[in-house]
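Below: input_4.cif (mmCIF, C-alpha atoms)
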data_start
loop_
_atom_site.label_atom_id
_atom_site.label_comp_id
_atom_site.auth_asym_id
_atom_site.auth_seq_id
_atom_site.Cartn_x
_atom_site.Cartn_y
_atom_site.Cartn_z
CA MET A 41 71.21 115.13 103.43
CA VAL A 42 74.21 115.74 101.17
CA VAL A 43 73.24 116.42 97.57
CA LEU A 44 75.77 115.48 94.88
CA GLU A 45 75.56 115.39 91.13
CA GLN A 46 75.82 111.95 89.53
CA ARG A 47 79.31 112.61 88.14
CA ALA A 48 80.56 113.36 91.67
CA LEU A 49 79.64 109.82 92.69
CA GLU A 50 81.54 108.13 89.88
CA HIS A 51 84.70 107.79 92.00
CA PHE A 52 82.85 105.80 94.66
CA LYS A 53 81.76 102.19 94.58
CA ILE A 54 78.00 101.78 94.40
CA ILE A 55 76.19 98.46 94.75
CA LYS A 56 72.62 97.34 94.32
CA ALA A 57 70.56 97.95 97.41
CA CYS A 58 70.44 94.89 99.61
CA LYS A 59 67.10 93.19 99.79
CA PRO A 60 65.58 93.53 103.26
CA THR A 61 65.52 90.33 105.26
CA ASN A 62 63.58 89.29 108.31
CA LEU A 63 66.23 86.76 109.25
CA PRO A 64 68.46 87.91 112.10
CA CYS A 65 72.20 87.84 111.58
CA ARG A 66 73.27 84.80 113.57
CA ILE A 67 76.26 86.27 115.33
CA PRO A 68 77.42 84.50 118.49
CA VAL A 69 76.93 86.56 121.65
CA ILE A 70 79.50 85.77 124.33
CA ASP A 71 79.48 86.91 127.95
CA LEU A 72 83.07 87.46 129.04
CA ALA A 73 82.17 86.27 132.54
CA ASP A 74 80.60 83.02 131.31
CA PRO A 75 82.57 79.99 132.58
CA GLU A 76 82.16 78.53 129.09
CA ALA A 77 83.48 81.67 127.37
CA LYS A 78 86.76 80.01 126.32
CA ASN A 79 84.94 77.30 124.38
CA LEU A 80 82.33 79.66 122.95
CA ILE A 81 85.04 82.00 121.67
CA VAL A 82 86.86 79.16 119.93
CA HIS A 83 83.63 77.90 118.35
CA ALA A 84 82.70 81.39 117.10
CA CYS A 85 86.17 81.91 115.61
CA GLU A 86 86.01 78.54 113.85
CA GLU A 87 82.54 79.10 112.43
CA ILE A 88 82.57 82.71 111.24
CA GLY A 89 85.55 84.46 112.82
CA PHE A 90 83.30 87.06 114.41
CA PHE A 91 81.36 87.47 117.65
CA LYS A 92 79.68 89.98 119.91
CA LEU A 93 81.08 90.46 123.41
CA VAL A 94 78.93 91.55 126.36
CA ASN A 95 79.80 92.08 130.01
CA HIS A 96 83.18 93.14 128.65
CA GLY A 97 84.36 95.27 131.54
CA VAL A 98 85.05 98.46 129.55
CA PRO A 99 83.37 101.33 131.46
CA MET A 100 80.53 102.89 129.48
CA GLU A 101 81.70 106.37 130.50
CA PHE A 102 85.00 105.75 128.66
CA ILE A 103 83.07 104.84 125.53
CA THR A 104 80.65 107.79 125.61
CA ARG A 105 83.41 110.27 126.43
CA LEU A 106 85.52 109.17 123.47
CA GLU A 107 82.52 109.19 121.14
CA ALA A 108 81.68 112.75 122.17
CA GLU A 109 85.26 113.88 121.55
CA ALA A 110 85.32 112.13 118.17
CA VAL A 111 82.06 113.82 117.14
CA LYS A 112 83.63 117.19 118.00
CA PHE A 113 86.66 116.42 115.89
CA PHE A 114 84.73 115.28 112.84
CA SER A 115 82.47 118.35 113.16
CA LEU A 116 85.40 120.68 112.48
CA THR A 117 85.54 122.32 109.07
CA GLN A 118 87.10 120.29 106.28
CA ALA A 119 89.93 122.77 105.87
CA VAL A 120 90.86 122.46 109.53
CA LYS A 121 90.67 118.64 109.55
CA ASP A 122 92.81 118.45 106.42
CA THR A 123 95.71 120.01 108.33
CA ALA A 124 95.89 116.77 110.37
CA GLY A 125 96.46 114.67 107.25
CA PRO A 126 97.09 112.90 105.04
CA PRO A 127 97.94 109.81 107.11
CA ASN A 128 101.67 109.05 107.07
CA PRO A 129 101.01 106.49 108.38
CA PHE A 130 98.98 108.11 111.18
CA GLY A 131 96.70 111.12 110.95
CA TYR A 132 93.47 112.23 109.28
CA GLY A 133 92.17 110.76 106.04
CA ASN A 134 89.16 111.58 103.89
CA LYS A 135 87.65 109.36 101.18
CA ARG A 136 90.97 107.74 100.20
CA ILE A 137 91.64 104.40 101.92
CA GLY A 138 95.29 103.47 101.58
CA PRO A 139 97.62 104.31 98.67
CA ASN A 140 96.27 101.89 96.06
CA GLY A 141 93.16 103.56 94.72
CA ASP A 142 90.52 102.41 97.19
CA VAL A 143 87.98 105.07 98.14
CA GLY A 144 84.92 105.13 100.37
CA TRP A 145 82.28 107.43 101.80
CA ILE A 146 84.34 107.89 104.96
CA GLU A 147 86.65 110.12 106.92
CA TYR A 148 88.89 108.74 109.63
CA LEU A 149 91.59 109.31 112.19
CA LEU A 150 94.34 106.73 112.56
CA LEU A 151 96.37 106.72 115.78
CA ASN A 152 99.33 104.80 117.12
CA THR A 153 98.73 102.72 120.27
CA ASN A 154 102.29 101.81 121.21
CA ASN A 155 103.40 102.37 124.79
CA ASN A 156 104.65 105.83 123.95
CA PRO A 157 103.65 108.87 126.06
CA ASP A 158 103.65 111.02 122.92
CA ILE A 159 101.49 108.86 120.67
CA HIS A 160 99.27 111.76 119.58
CA SER A 161 102.04 114.32 118.92
CA HIS A 162 101.69 113.90 115.15
CA ILE A 163 98.17 115.35 115.25
CA SER A 164 98.18 118.88 116.65
CA LEU A 165 94.40 119.20 116.30
CA VAL A 166 93.72 116.55 118.94
CA SER A 167 92.80 118.36 122.16
CA GLN A 168 94.01 117.30 125.58
CA ASN A 169 90.50 116.06 126.36
CA PHE A 170 90.54 113.96 123.19
CA ARG A 171 93.99 112.57 124.04
CA SER A 172 93.00 111.53 127.53
CA ALA A 173 89.72 110.02 126.27
CA VAL A 174 91.65 107.93 123.72
CA ASP A 175 94.21 106.86 126.31
CA GLU A 176 91.73 105.67 128.93
CA TYR A 177 89.64 103.89 126.29
CA ILE A 178 92.66 102.13 124.74
CA VAL A 179 93.96 100.94 128.12
CA ALA A 180 90.56 99.39 128.93
CA VAL A 181 90.09 97.83 125.48
CA LYS A 182 93.60 96.37 125.47
CA LYS A 183 92.95 94.76 128.85
CA MET A 184 89.77 93.19 127.48
CA ALA A 185 91.53 92.04 124.29
CA TYR A 186 94.28 90.36 126.33
CA GLN A 187 91.64 88.56 128.37
CA VAL A 188 89.86 87.35 125.23
CA LEU A 189 93.11 86.07 123.69
CA GLU A 190 94.02 84.23 126.88
CA LEU A 191 90.59 82.61 127.04
CA MET A 192 91.04 81.73 123.38
CA ALA A 193 94.36 80.07 124.21
CA ASP A 194 92.68 78.14 127.04
CA GLY A 195 89.96 76.95 124.66
CA LEU A 196 92.59 75.82 122.16
CA GLY A 197 94.64 74.08 124.84
CA LEU A 198 97.68 76.31 124.24
CA GLU A 199 100.39 76.74 126.83
CA PRO A 200 101.41 79.14 128.13
CA ARG A 201 98.05 80.87 128.00
CA ASN A 202 99.66 84.19 127.07
CA VAL A 203 101.08 82.80 123.82
CA LEU A 204 98.76 85.13 121.87
CA SER A 205 98.24 88.02 124.27
CA LYS A 206 101.99 88.55 124.78
CA LEU A 207 102.26 89.62 121.15
CA LEU A 208 99.93 92.56 121.83
CA LYS A 209 101.46 93.31 125.24
CA ASP A 210 104.93 93.58 123.74
CA ASP A 211 106.33 97.13 123.83
CA LYS A 212 107.03 96.78 120.11
CA SER A 213 103.53 95.58 119.26
CA ASP A 214 102.44 97.03 115.92
CA SER A 215 98.89 97.87 116.97
CA CYS A 216 96.81 100.87 115.98
CA PHE A 217 93.51 102.58 116.68
CA ARG A 218 91.11 103.89 114.07
CA LEU A 219 88.13 106.22 114.40
CA ASN A 220 85.84 106.01 111.36
CA HIS A 221 83.13 108.55 110.58
CA TYR A 222 80.64 107.73 107.82
CA PRO A 223 78.63 110.86 106.92
CA PRO A 224 75.03 110.57 105.72
CA SER A 225 74.73 109.31 102.14
CA PRO A 226 74.35 111.83 99.34
CA ASP A 227 71.01 112.48 97.68
CA TRP A 228 69.29 109.09 97.45
CA GLN A 229 67.84 109.96 94.04
CA ALA A 230 71.35 110.39 92.62
CA LEU A 231 72.11 106.87 93.85
CA SER A 232 69.00 105.51 92.12
CA GLY A 233 68.12 103.43 95.16
CA LYS A 234 71.56 101.84 95.40
CA ASN A 235 73.96 101.66 98.34
CA LEU A 236 77.12 103.73 98.57
CA ILE A 237 80.15 101.88 99.95
CA GLY A 238 81.61 103.46 103.06
CA PHE A 239 84.49 100.99 103.43
CA GLY A 240 84.98 98.27 100.82
CA GLU A 241 85.11 94.54 101.50
CA HIS A 242 88.29 93.33 103.16
CA THR A 243 89.78 91.23 105.92
CA ASP A 244 91.90 92.69 108.71
CA PRO A 245 95.56 91.66 108.50
CA GLN A 246 96.36 91.80 112.23
CA ILE A 247 95.71 89.21 114.97
CA ILE A 248 92.43 90.54 116.32
CA SER A 249 90.17 93.57 115.83
CA VAL A 250 87.94 95.06 118.53
CA LEU A 251 85.09 97.18 117.18
CA ARG A 252 82.56 99.43 118.85
CA SER A 253 80.13 101.67 116.97
CA ASN A 254 77.25 104.04 117.64
CA ASN A 255 73.69 102.90 117.00
CA THR A 256 73.81 103.45 113.23
CA SER A 257 73.89 100.32 111.06
CA GLY A 258 76.09 99.68 108.03
CA LEU A 259 78.52 96.91 108.96
CA GLN A 260 78.11 93.64 107.06
CA ILE A 261 79.99 90.33 107.19
CA LEU A 262 80.31 87.78 104.41
CA HIS A 263 78.70 84.42 105.13
CA LYS A 264 80.07 81.10 103.90
CA ASP A 265 77.29 80.95 101.30
CA GLY A 266 78.50 84.19 99.72
CA THR A 267 75.72 86.43 101.05
CA TRP A 268 76.29 89.61 103.00
CA ALA A 269 74.68 89.72 106.45
CA PRO A 270 74.01 93.01 108.24
CA VAL A 271 75.37 93.30 111.78
CA PRO A 272 72.83 94.93 114.11
CA PRO A 273 74.50 97.88 115.86
CA ASP A 274 74.82 97.76 119.65
CA GLN A 275 76.52 100.77 121.17
CA SER A 276 77.01 99.11 124.56
CA SER A 277 78.80 95.99 123.27
CA PHE A 278 81.89 95.12 121.27
CA TYR A 279 82.34 93.04 118.14
CA LEU A 280 85.57 91.10 117.72
CA ASN A 281 86.90 89.51 114.57
CA VAL A 282 89.74 87.20 113.65
CA GLY A 283 92.54 88.76 111.61
CA ASP A 284 94.67 87.17 108.89
CA ALA A 285 97.63 86.60 111.25
CA LEU A 286 95.45 84.63 113.66
CA GLN A 287 94.04 82.55 110.82
CA VAL A 288 97.61 81.58 109.93
CA MET A 289 98.61 80.89 113.55
CA THR A 290 95.67 78.48 113.88
CA ASN A 291 96.51 76.87 110.52
CA GLY A 292 93.19 77.96 109.05
CA ARG A 293 91.12 76.68 111.95
CA PHE A 294 90.00 80.25 112.73
CA LYS A 295 88.55 82.30 109.89
CA SER A 296 89.50 85.87 109.07
CA VAL A 297 86.07 87.16 108.14
CA LYS A 298 85.55 89.44 105.16
CA HIS A 299 83.49 92.52 106.01
CA ARG A 300 82.44 95.90 104.64
CA VAL A 301 80.51 99.01 105.65
CA LEU A 302 77.69 100.67 103.71
CA ALA A 303 77.24 104.40 104.09
CA PRO A 304 74.23 105.44 106.19
CA GLU A 305 71.07 105.85 104.15
CA THR A 306 69.47 108.54 106.28
CA ASN A 307 70.43 111.80 107.91
CA THR A 308 72.29 109.89 110.60
CA SER A 309 76.01 109.21 110.53
CA ARG A 310 77.94 106.17 111.67
CA LEU A 311 80.87 106.42 114.05
CA SER A 312 83.02 103.41 114.80
CA MET A 313 86.20 102.90 116.79
CA ILE A 314 88.47 99.92 116.15
CA TYR A 315 91.52 98.65 117.98
CA PHE A 316 93.69 96.50 115.72
CA GLY A 317 95.93 94.24 117.78
CA GLY A 318 99.10 93.36 115.89
CA PRO A 319 102.41 91.67 116.77
CA PRO A 320 105.88 93.26 116.64
CA MET A 321 107.18 93.87 113.11
CA ASN A 322 109.89 91.20 113.39
CA GLU A 323 107.59 88.55 114.91
CA LYS A 324 107.55 85.33 112.90
CA ILE A 325 104.02 84.26 111.95
CA ALA A 326 103.36 80.60 111.24
CA PRO A 327 100.92 77.89 112.33
CA LEU A 328 101.48 77.03 115.99
CA PRO A 329 102.90 73.49 116.12
CA THR A 330 100.37 72.33 118.72
CA LEU A 331 97.53 73.33 116.37
CA VAL A 332 98.80 71.32 113.41
CA GLU A 333 97.40 67.81 113.72
CA LYS A 334 99.78 64.89 113.16
CA GLU A 335 98.15 63.97 109.87
CA GLU A 336 97.92 67.60 108.74
CA GLU A 337 100.31 69.81 106.84
CA SER A 338 101.10 73.39 107.71
CA LEU A 339 99.01 75.39 105.24
CA TYR A 340 101.12 78.54 105.33
CA LYS A 341 104.71 79.58 104.80
CA GLU A 342 106.44 81.31 107.70
CA PHE A 343 106.74 85.08 107.40
CA THR A 344 107.35 88.05 109.65
CA TRP A 345 104.53 90.42 110.48
CA GLY A 346 106.50 93.18 108.77
CA GLU A 347 106.63 91.16 105.54
CA TYR A 348 102.92 90.46 105.61
CA LYS A 349 102.01 94.02 106.50
CA LYS A 350 104.06 95.36 103.59
CA SER A 351 102.38 92.89 101.24
CA ALA A 352 98.88 93.58 102.58
CA TYR A 353 99.20 97.33 102.36
CA SER A 354 100.51 97.17 98.80
CA SER A 355 97.33 95.41 97.67
CA ARG A 356 93.75 96.50 97.09
CA LEU A 357 91.23 96.11 99.89
CA SER A 358 89.32 93.24 98.30
CA ASP A 359 92.41 91.21 97.33
CA TYR A 360 92.96 87.82 98.94
CA ARG A 361 96.11 88.83 100.79
CA LEU A 362 96.97 85.45 102.27
CA GLY A 363 97.15 83.76 98.89
CA ARG A 364 100.84 84.41 98.27
CA PHE A 365 101.70 82.99 101.70
CA GLU A 366 99.85 79.72 101.30
CA LYS A 367 101.78 76.54 100.61
CA THR A 368 101.08 74.61 97.45
CA PHE A 369 100.77 70.85 97.60
CA SER A 370 101.20 68.35 94.81
CA HIS A 371 98.75 65.45 94.73
#
Starting from the file, lay out its structure as structure tokens.
Amino acid sequence: MVVLEQRALEHFKIIKACKPTNLPCRIPVIDLADPEAKNLIVHACEEIGFFKLVNHGVPMEFITRLEAEAVKFFSLTQAVKDTAGPPNPFGYGNKRIGPNGDVGWIEYLLLNTNNNPDIHSHISLVSQNFRSAVDEYIVAVKKMAYQVLELMADGLGLEPRNVLSKLLKDDKSDSCFRLNHYPPSPDWQALSGKNLIGFGEHTDPQIISVLRSNNTSGLQILHKDGTWAPVPPDQSSFYLNVGDALQVMTNGRFKSVKHRVLAPETNTSRLSMIYFGGPPMNEKIAPLPTLVEKEEESLYKEFTWGEYKKSAYSSRLSDYRLGRFEKTFSH
């Protein structure tokens, strides 16, 4: 357990400990091989913008190999890890999340996922074993993400069915990969029984996020009623969530779910790996015409992904980033 004085915690966000609940978090579980998967995915994205994917086709050996390499990296001394940062935009980060004052009980590694044979060159600390583990994992996860987006298009009745997946397949796709390590919380007495925030509440700006974590809890999603629901960890499955861009493309039909991570309360640490699937920087984002009903209005102004990304990353984590891109209607 890490022991810190109270004044050392003042820079971090601390919340009241969540009351334990016996109610399970009602997260849809979808089998990728289920003939009804396309409809189940659409329903999950409409209801909460979040679902668990099983029978996903990503080899477990790819997952365990990458996790082992990530554990090795985060076990290096702080001085050594710091030589791989700060992120600009890729690289190693510690405690600081973005340039706008957000902090969390976290360290992370942010990598490019473009179709570039030298995507890790900016981080000299990454070993060849780590590089190859990332590469094989990303290839498999991308394949699965494309399949999910094409099933999603089928469920929405979109044609062609690659209308969403082609944005991630594009050579200029602005996608990235993030490895998050949440160390054990500091001395629990210093926290006075409260929870330390690992990663503050936010939505993801991209099209879709694909998350896998070890068996340590901490992730929570915000329900419609304003309560935070813990997401039970499952190291053999993936969790997928709708991003802001996809919410816009579906004219608000899909929900970009707000989520956060609490730092582990015990001597265990949490390790998560997230693929963020984004479109090319110059891609125009707007509600797809076939998803705007005849009697409906388009709820959002058209913008490029580059414009939205710049706006999103100049804001605080908890800000409602889509607000400035919503249309206003006079009654």
The PyMOL selection byres ((chain A and resi 265-268) around 10) resolved against shown file, as a PyMOL selection string
chain A and resi 58+65+259-264+269-271+298-300
Could you give me the centre and size, in Å to one decimal, of an axis-aligned box around all listed atoms of segment 258-265 of chain A with 5 Å added on every side, as AutoDock Vina command-line options?
--center_x 78.2 --center_y 90.3 --center_z 105.1 --size_x 14.2 --size_y 28.7 --size_z 17.7
Neighbours of point (81.9, 116.2, 110.2) within 12 Å, using all atoms listed in the file, written as a compact mmCIF listing (two decimals) with C-alpha atoms, keeping the file's coordinate frame:
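Output below, filename result-v9.txt:
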# COMPACT_ATOMS: atom_id res chain seq x y z
CA VAL A 42 74.21 115.74 101.17
CA ALA A 110 85.32 112.13 118.17
CA VAL A 111 82.06 113.82 117.14
CA LYS A 112 83.63 117.19 118.00
CA PHE A 113 86.66 116.42 115.89
CA PHE A 114 84.73 115.28 112.84
CA SER A 115 82.47 118.35 113.16
CA LEU A 116 85.40 120.68 112.48
CA THR A 117 85.54 122.32 109.07
CA GLN A 118 87.10 120.29 106.28
CA ALA A 119 89.93 122.77 105.87
CA VAL A 120 90.86 122.46 109.53
CA LYS A 121 90.67 118.64 109.55
CA ASP A 122 92.81 118.45 106.42
CA ASN A 134 89.16 111.58 103.89
CA ILE A 146 84.34 107.89 104.96
CA GLU A 147 86.65 110.12 106.92
CA TYR A 148 88.89 108.74 109.63
CA ASN A 220 85.84 106.01 111.36
CA HIS A 221 83.13 108.55 110.58
CA TYR A 222 80.64 107.73 107.82
CA PRO A 223 78.63 110.86 106.92
CA PRO A 224 75.03 110.57 105.72
CA THR A 308 72.29 109.89 110.60
CA SER A 309 76.01 109.21 110.53
CA ARG A 310 77.94 106.17 111.67
CA LEU A 311 80.87 106.42 114.05
Calculated over all atoms listed in the file, which of the candidates A:Pro245, A:Gly138, A:Gly197, A:Gly97 has the smallest distance to Glu347 of chain A?
A:Pro245
Carefully work through the PyMOL selection byres ((chain A and resi 365-369) around 9) for this structure and note down the residues it includes, as an MDAnalysis selection string.
chainID A and resid 338:343 348 361:364 370:371
Could the residues in this selection be written to a file with C-alpha atoms, as a PDB file, in the frame of the given file?
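Listed below is the output, selection23.pdb:
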ATOM      1  CA  SER A 338     101.100  73.390 107.710  1.00  0.00           C
ATOM      2  CA  LEU A 339      99.010  75.390 105.240  1.00  0.00           C
ATOM      3  CA  TYR A 340     101.120  78.540 105.330  1.00  0.00           C
ATOM      4  CA  LYS A 341     104.710  79.580 104.800  1.00  0.00           C
ATOM      5  CA  GLU A 342     106.440  81.310 107.700  1.00  0.00           C
ATOM      6  CA  PHE A 343     106.740  85.080 107.400  1.00  0.00           C
ATOM      7  CA  TYR A 348     102.920  90.460 105.610  1.00  0.00           C
ATOM      8  CA  ARG A 361      96.110  88.830 100.790  1.00  0.00           C
ATOM      9  CA  LEU A 362      96.970  85.450 102.270  1.00  0.00           C
ATOM     10  CA  GLY A 363      97.150  83.760  98.890  1.00  0.00           C
ATOM     11  CA  ARG A 364     100.840  84.410  98.270  1.00  0.00           C
ATOM     12  CA  SER A 370     101.200  68.350  94.810  1.00  0.00           C
ATOM     13  CA  HIS A 371      98.750  65.450  94.730  1.00  0.00           C
TER      14      HIS A 371
END
Name the residues captured by the PyMOL selection byres ((chain A and resi 175) around 10) when it is applied to the shown file; answer as a ChimeraX atom specification.
/A:102,106,153,157,159-160,169-174,176-181
Closest-contact table, segment 172-224 of chain A side, partner segment 69-85 of chain A, 10 Å, counting all atoms listed in the file, as CSV:
residue,atom,partner,partner_atom,distance
A:Met184,CA,A:Leu72,CA,9.0
A:Gln187,CA,A:Leu72,CA,8.7
A:Val188,CA,A:Leu72,CA,7.8
A:Leu189,CA,A:Lys78,CA,9.2
A:Glu190,CA,A:Lys78,CA,8.4
A:Leu191,CA,A:Lys78,CA,4.7
A:Met192,CA,A:Lys78,CA,5.5
A:Ala193,CA,A:Lys78,CA,7.9
A:Asp194,CA,A:Lys78,CA,6.2
A:Gly195,CA,A:Lys78,CA,4.7
A:Leu196,CA,A:Val82,CA,7.0
A:Gly197,CA,A:Lys78,CA,10.0
Computed gap from atom CA of Leu280 of chain A to atom CA of Glu333 of chain A is 26.4 Å
In Å to one decimal, how far is atom CA of Trp345 of chain A from atom CA of Leu207 of chain A?
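Calculated distance between atom CA of Leu207 of chain A and atom CA of Trp345 of chain A is 10.9 Å.
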Check the smallest atom-to-atom distance from each of A:Asn95, A:Asn128, A:Ser354, A:Ser249 to Ser277 of chain A using all atoms listed in the file, then report the winner.
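Of the candidates, the smallest distance to Ser277 of chain A is held by A:Asn95.
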Rounded to one decimal, what separation in Å do you get between atom CA of Leu198 of chain A and atom CA of Leu286 of chain A?
13.6 Å
Of the candidates A:Glu101, A:Asp142, A:Glu305, A:Asp284, which shows the shortest atom-to-atom distance to Ser355 of chain A, using all atoms listed in the file?
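Answer, going by the shortest atom-to-atom distance: A:Asp142.
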